[in-house]
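K.L.:
Just passing along the structure, written as structure tokens.
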Amino acid sequence: MSKNIALITGVTGQDGSYLSEFLLAKGYEVHGIIRRSSVDFRERIAHLEGTPNFHLHYADMGDSMSLVKLVGKVQPTEIYNLAAQSHVQVSFDAPEFTADVDAVGVLRVLEAVRTNHLEKTCKIYQASTSELYGKVEEVPQNEKTPFHPYSPYAVAKLYGFWIIKEYREAYNMFCCSGILFNHESERRGETFVTRKITLAAARIAQGKQDCLYLGNLDSLRDWGYAKDYVECMWLILQHNKPEDFVIATGVQHSVREFTDLAFKHAGITLKFEGEGLNENGICVAVENPANQALVGKTLVCVSEDFYRPTDVVNLWGDPTKAKNELGWNPQTTTFEQLVELMVRHDMAKVAADAEAAKVRTNLAEYLEKGIVK
Ligand code: NAP
Ligand code: GDD
């Protein structure tokens, strides 16, 4: 049997790191694309670097030649195109870069496969998104729901979705989109709302932060666990024909509900009062007696800074097709379990960071006093 060789763009990201682990465990040879950065530490994949079957290569989604050369060298049997400027709010600040990487970048990957004459042997997974539904035209959303992108990010991803479909029909290539709804984890970037909340809850519970500032608390999302979702990326490429799939849990919650539950897991009970920009989350009870001084304090505030020029507020996915045709279980990790595991992780991280800071402070003091030379 020929060897399974995967090429992952976006290998350093949340999904790329879980997908690498998943494919390595299945015996794949895994190749990932990295960009040159002034910092050489790749936190999410550091534990994989140096292991057999895991290889990293410099390339960039904005550089066709680097992609053509790499695809020719690696000869992948599967490409997972996960690389993107993936932050919706940032796409309003850097729309052209977002379009280049998230839209034209997809075309570059497809053309790299064609240039190397791998159309018949290399399957391609495209990281599409529930943001395509944007200003939603129906709830819940499924594969037949019309798209209405509502940010520069979503408009760029819409091009990616259609160019994948076009190459599938025009050149008979096995290329598919996973229309993934929001998925989170302990490895989620710290400026996405869930991770921002779990880290802040942990910091506030440990006296490292006073208040958490958020934007639209009414926004609704269908949040799943990233580790469960990477399995679907693989399943989509193992399906007997190339098709697009909605991947979601089928359960919807608001940013306010996520916040409330995250603080509860950090030992803080909140009560929300007021509306819009004047809404506040006030501490009404604490588990840890050492945190008694927090009771009565405003720990969550709303700030205009985190509102978007246009916001997607009602995402709710219908994963029936993935369940029936891929045999995937959308409820492997529930919303409650997801929030708990993220908070547990961040409580430990904040405590460990505090310990490390103490060691650094002690060292600075010892150096100053000449105790350490
Ligand atoms: P992420 O953590 O932000 O990772 C993005 C990855 O893309 C990083 O590895 C990043 O590299 C890489 N990248 C960005 N620009 C690049 C460029 N010019 N050339 C090469 N690599 C580049 O995102 P994620 O949450 O894992 O999401 C993975 C994909 O799924 C993205 O395409 C995202 O848009 C899509 N998606 C995500 C979700 C979700 O809820 N997470 C839902 C639907 C779709 P650096 O580390 O060097 O920055
Ligand atoms: N980031 C952020 N920060 N979002 C906030 C905040 C805040 O302080 N306060 C409220 N929100 C609201 C946003 O307005 C949005 O409606 C919702 O929380 C979720 O925001 P994000 O966590 O930034 O994620 P996203 O839904 O915009 O985008 C993520 O999911 C998409 C799939 O639907 C990203 O991972 C995209 O790459 C992905 O395609």
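Labels used: A, B, ... for chains in the order of the structure tokens, numbers from 1 for residues in each chain, and numbers from 1 for ligands as shown.
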Neighbours of ligand 1 at 8 Å or closer, counting only C-alpha atoms and all ligand atoms: which residues, as an MDAnalysis selection string?

P.N.:
chainID A and resid 9:17 33:37 42 59:62 81:87 101:102 105 126:131 157 179:184 187:189 223 226

K.L.:
Would you pick out the contacts of segment 332-340 of chain A at 7 Å or less, using only C-alpha atoms, so that residues sharing its chain but fewer than 3 positions from it are not included, and give the list as a PyMOL selection string?

P.N.:
chain A and resi 223-225+228+262+265+329+343-344

K.L.:
When distances are computed from only C-alpha atoms and all ligand atoms, which of A:Leu67, A:Ile282, A:Ala248, A:Ile164 shows the smallest separation from ligand 2?

P.N.:
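Smallest separation from ligand 2 among the options: A:Ala248.
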
K.L.:
Write out as a list in words all residues of segment 71-243 of chain A that DSSP puts in strand (DSSP E or B) for this structure's backbone.

P.N.:
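Those residues are Glu78, Ile79, Tyr80, Asn81, Lys123, Ile124, Tyr125, Gln126, Ala127, Ser128, Thr129, Gln141, Cys175, Cys176, Ser177, Gly178, Ile179, Leu180, His183, Glu184, Leu212, Tyr213, Leu214, Leu220, Arg221, Gly224 and Tyr225 of chain A.
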
K.L.:
Go through A:Ser219, A:Gln209, A:Ser2, A:Thr198 and flag the residue nearest ligand 2, using only C-alpha atoms and all ligand atoms for the distances.

P.N.:
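Ranked by minimum distance to ligand 2, first place goes to A:Ser219.
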
K.L.:
Taking into account only C-alpha atoms and all ligand atoms, which residue in the set A:Glu190, A:Glu365, A:Asp353, A:Glu231 is nearest to ligand 2?

P.N.:
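Comparing A:Glu190, A:Glu365, A:Asp353, A:Glu231 against ligand 2, the winner is A:Glu190.
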
K.L.:
Tell me, as number ranges by chain, which residues lie within 12 Å of Gly178 of chain A, counting only C-alpha atoms; anything in the same chain fewer than 6 positions away does not count.

P.N.:
A: 80-82, 124-130, 132, 142-143, 157, 160-161, 164-165, 229-237, 242-248, 319, 321-322

K.L.:
Find, counting only C-alpha atoms and all ligand atoms, the residue in A:Leu158, A:Cys176, A:Val139, A:Val68 that gets nearest to ligand 2.

P.N.:
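Residue with the minimum atom-to-atom distance to ligand 2: A:Leu158.
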